[in-house]
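One structure below.
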Amino acid sequence: MENIMKKGQLLIMVLALLSMIGVANAAAGEKKESTLGPGDTLKIFVFGQPDMTTEVKVSEAGNITFPLLGEIFIDGLTPSEAERKIVNLLESKDILRKPQVNIITASLQSQMVSVLGYVRNQGRYPIEGKRRLTEILAMAGGIVPDGADQITLIRSNGNQYVKEVIDVLEMIRSGNLARDLNIRSDDLVYVERASRFYIYGEVQRAGVYKLERNMTVMQALSVGGGLTTRGTERGLRIQRRDGAGNLQILPLKSSDLVEPDDVIYIKESLF
């Protein structure tokens with residue numbers, strides 16, 4: 001039981017560690033500029049021209065308003081590309097010669113990812129530069145103990161949405177981070193509730209429990225604290241729904257695997 005409880009804590013710790021590694025890689029020069037979009041707030045500085053220093057917000061149409069230039073379309077540009085565009089406009093209109101323009105992003109509301117489900121802190125999180133799935137999960141506080149090990153990622157590919165399921169626990173166990181995907185703006189990361197099973201009757205702690213991978217009936221009984229002095233393993237029965245949703249009552253052995261939403265009933269011994 002103690003090992004099962006620690007598994008979720010271990011997964012959260014590993015996600016946090018991977019997040020730290022991602023931040024270190026970004027600091028080492030792997031960070032990529034995010035593109036600008038509606039809702040972003042920018043501070044624009046022109047060297048030697050304090051009257052042109054301004055703070056603007058990108059409109060829904062993707063434009064900003066800049067002194068002497070009016071509206072400038074910058075949606076989809078990186079800050080560096082937007083700087084060059086303003087420089088070119090200032091020179092082409094004979095406003096300044098060889099201007100030095102610097103843009104600082106005060107906030108990037110257009111570059112957000114949604115994290116929902118069984119994480120510690122649901123919400124929308126900004127993504128600046130390259131962020132991987134494990135980093136986003138760590139930013140959300142990690143997966144709570146009742147959360148599943150498999151993560152659903154939904155993203156837009158043109159005119160359609162694509163769903164991917166990533167087995168985070170298996171990825172970490174194998175050390176193969178090929179499925180630690182780069183997260184894009186407007187992605188949805190969803191952590192479902194972990195599969196559960198039910199146990200009642202003559203056990204120490206009847207109730208609902210998280211179903212671990214390849215859990216046997218014997219392991220399920222141990223999670224429930226084992227049998228009471230009146231309980232017996234003879235004639236074990238399980239309630240399980242088939243593919244059509246019909247309820248079945250099946251005999252089982254202690255070595256059989258438990259399936260999601262199984263109901264295990266422990267009888268009282270007659271002797």
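In the structure tokens, each chain is lettered A, B, ... as it comes, each chain's residues begin at 1, and ligands are numbered from 1 in order of appearance.
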
> If you run DSSP on the backbone, which residues of segment 22-233 of chain A are strand (DSSP E or B), as JSON, numbers by chain?
Replying inline: {"A": [41, 42, 43, 44, 45, 46, 54, 55, 56, 57, 63, 64, 65, 66, 70, 71, 72, 73, 101, 102, 103, 104, 105, 106, 107, 112, 113, 114, 115, 116, 117, 119, 123, 124, 125, 126, 132, 143, 147, 148, 149, 150, 151, 152, 153, 154, 155, 156, 157, 160, 161, 162, 163, 164, 165, 166, 167, 182, 188, 189, 190, 191, 192, 193, 196, 197, 198, 199, 200, 201, 203, 207, 208, 209, 210, 216, 227, 231]}

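The space between atom CA of Asn159 of chain A and atom CA of Ser185 of chain A spans 15.5 Å.
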
> What are the DSSP alpha helix (DSSP H) residues of segment 39-269 of chain A, as an NGL selection string?
Replying inline: :A and (79-92 or 133-139 or 168-174 or 217-223)

Keeping C-alpha atoms, export the residues of the selection given above as a compact mmCIF listing (two decimals), in the first residue's frame.
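Final output, result-v4.txt:
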# COMPACT_ATOMS: atom_id res chain seq x y z
CA PRO A 79 9.93 40.28 -31.22
CA SER A 80 13.12 40.40 -33.33
CA GLU A 81 11.14 40.38 -36.56
CA ALA A 82 8.82 43.10 -35.22
CA GLU A 83 11.88 45.21 -34.30
CA ARG A 84 13.23 44.92 -37.84
CA LYS A 85 9.84 45.81 -39.32
CA ILE A 86 9.64 49.01 -37.25
CA VAL A 87 13.23 49.90 -38.16
CA ASN A 88 12.49 49.46 -41.87
CA LEU A 89 9.33 51.59 -41.63
CA LEU A 90 11.13 54.40 -39.76
CA GLU A 91 13.89 54.43 -42.41
CA SER A 92 11.61 54.09 -45.46
CA LEU A 133 4.82 18.35 -21.93
CA THR A 134 6.59 17.41 -18.70
CA GLU A 135 7.51 21.06 -18.07
CA ILE A 136 3.89 22.15 -18.51
CA LEU A 137 2.72 19.42 -16.10
CA ALA A 138 5.31 20.56 -13.56
CA MET A 139 4.14 24.18 -13.95
CA VAL A 168 3.99 9.59 -19.08
CA LEU A 169 4.82 6.83 -16.60
CA GLU A 170 6.08 4.47 -19.30
CA MET A 171 8.06 7.30 -20.89
CA ILE A 172 9.83 7.95 -17.60
CA ARG A 173 10.38 4.28 -16.78
CA SER A 174 11.92 3.59 -20.19
CA VAL A 217 -6.96 -9.68 -7.18
CA MET A 218 -4.50 -10.57 -4.41
CA GLN A 219 -2.90 -7.13 -4.68
CA ALA A 220 -6.34 -5.50 -4.66
CA LEU A 221 -7.19 -7.36 -1.46
CA SER A 222 -3.97 -6.14 0.16
CA VAL A 223 -4.86 -2.54 -0.76

> Which residues, written as an MDAnalysis selection string, have at least one atom at most 7 Å from segment 45-54 of chain A, with only C-alpha atoms counted and residues fewer than 5 positions away on the same chain left out?
Replying inline: chainID A and resid 67 99:103

How about saving the chosen residues, N, CA and C atoms kept, as a short mmCIF file (atom, residue, chain, number, x, y, z; two decimals), in the first residue's frame?
data_model
loop_
_atom_site.label_atom_id
_atom_site.label_comp_id
_atom_site.auth_asym_id
_atom_site.auth_seq_id
_atom_site.Cartn_x
_atom_site.Cartn_y
_atom_site.Cartn_z
N PRO A 67 4.07 55.59 -32.50
CA PRO A 67 4.18 57.02 -32.82
C PRO A 67 4.75 57.26 -34.22
N PRO A 99 17.80 53.67 -37.00
CA PRO A 99 17.24 53.61 -35.64
C PRO A 99 17.55 52.27 -34.97
N GLN A 100 17.65 52.32 -33.66
CA GLN A 100 17.85 51.11 -32.86
C GLN A 100 16.58 50.88 -32.04
N VAL A 101 15.86 49.84 -32.41
CA VAL A 101 14.57 49.54 -31.77
C VAL A 101 14.69 48.26 -30.95
N ASN A 102 14.16 48.33 -29.75
CA ASN A 102 14.18 47.16 -28.87
C ASN A 102 12.78 46.91 -28.34
N ILE A 103 12.31 45.65 -28.42
CA ILE A 103 10.98 45.28 -27.93
C ILE A 103 11.12 44.30 -26.78
#

> Do you know which residues are at most 6 Å from segment 187-189 of chain A counting only C-alpha atoms, after dropping those on the same chain fewer than 5 positions away, and could you put them as number ranges by chain?
Replying inline: A: 113-115, 152-155

So that I have them on file, write out the residues from the current selection with N, CA, C and O atoms, as a PDB file, in the first residue's frame.
ATOM      1  N   VAL A 113      -1.290  27.820 -22.922  1.00  0.00           N
ATOM      2  CA  VAL A 113      -1.708  26.427 -22.999  1.00  0.00           C
ATOM      3  C   VAL A 113      -2.646  26.153 -21.827  1.00  0.00           C
ATOM      4  O   VAL A 113      -2.449  26.676 -20.727  1.00  0.00           O
ATOM      5  N   SER A 114      -3.681  25.366 -22.057  1.00  0.00           N
ATOM      6  CA  SER A 114      -4.649  25.029 -21.012  1.00  0.00           C
ATOM      7  C   SER A 114      -4.312  23.662 -20.422  1.00  0.00           C
ATOM      8  O   SER A 114      -4.067  22.705 -21.170  1.00  0.00           O
ATOM      9  N   VAL A 115      -4.291  23.592 -19.102  1.00  0.00           N
ATOM     10  CA  VAL A 115      -4.040  22.330 -18.400  1.00  0.00           C
ATOM     11  C   VAL A 115      -5.244  22.056 -17.499  1.00  0.00           C
ATOM     12  O   VAL A 115      -5.538  22.836 -16.589  1.00  0.00           O
ATOM     13  N   THR A 152      -3.769  13.175 -22.116  1.00  0.00           N
ATOM     14  CA  THR A 152      -4.387  13.454 -23.414  1.00  0.00           C
ATOM     15  C   THR A 152      -3.989  14.859 -23.865  1.00  0.00           C
ATOM     16  O   THR A 152      -4.162  15.822 -23.125  1.00  0.00           O
ATOM     17  N   LEU A 153      -3.450  14.941 -25.069  1.00  0.00           N
ATOM     18  CA  LEU A 153      -3.056  16.217 -25.659  1.00  0.00           C
ATOM     19  C   LEU A 153      -3.936  16.468 -26.881  1.00  0.00           C
ATOM     20  O   LEU A 153      -3.985  15.646 -27.795  1.00  0.00           O
ATOM     21  N   ILE A 154      -4.656  17.584 -26.882  1.00  0.00           N
ATOM     22  CA  ILE A 154      -5.512  17.952 -28.005  1.00  0.00           C
ATOM     23  C   ILE A 154      -4.979  19.255 -28.596  1.00  0.00           C
ATOM     24  O   ILE A 154      -4.798  20.242 -27.887  1.00  0.00           O
ATOM     25  N   ARG A 155      -4.735  19.227 -29.900  1.00  0.00           N
ATOM     26  CA  ARG A 155      -4.214  20.425 -30.562  1.00  0.00           C
ATOM     27  C   ARG A 155      -4.838  20.583 -31.944  1.00  0.00           C
ATOM     28  O   ARG A 155      -5.353  19.628 -32.523  1.00  0.00           O
TER      29      ARG A 155
END

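Using only C-alpha atoms, the residues found no farther than 6 Å from segment 107-112 of chain A, other than those of its own chain fewer than 6 positions away, are A:Gly37, A:Pro38, A:Gly39, A:Asp40, A:Thr41, A:Tyr125, A:Pro126, A:Ile127, A:Ser185, A:Asp186.
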
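Taking atom CA of Ile166 of chain A and atom CA of Asp180 of chain A as the two end points, the separation is 8.1 Å.
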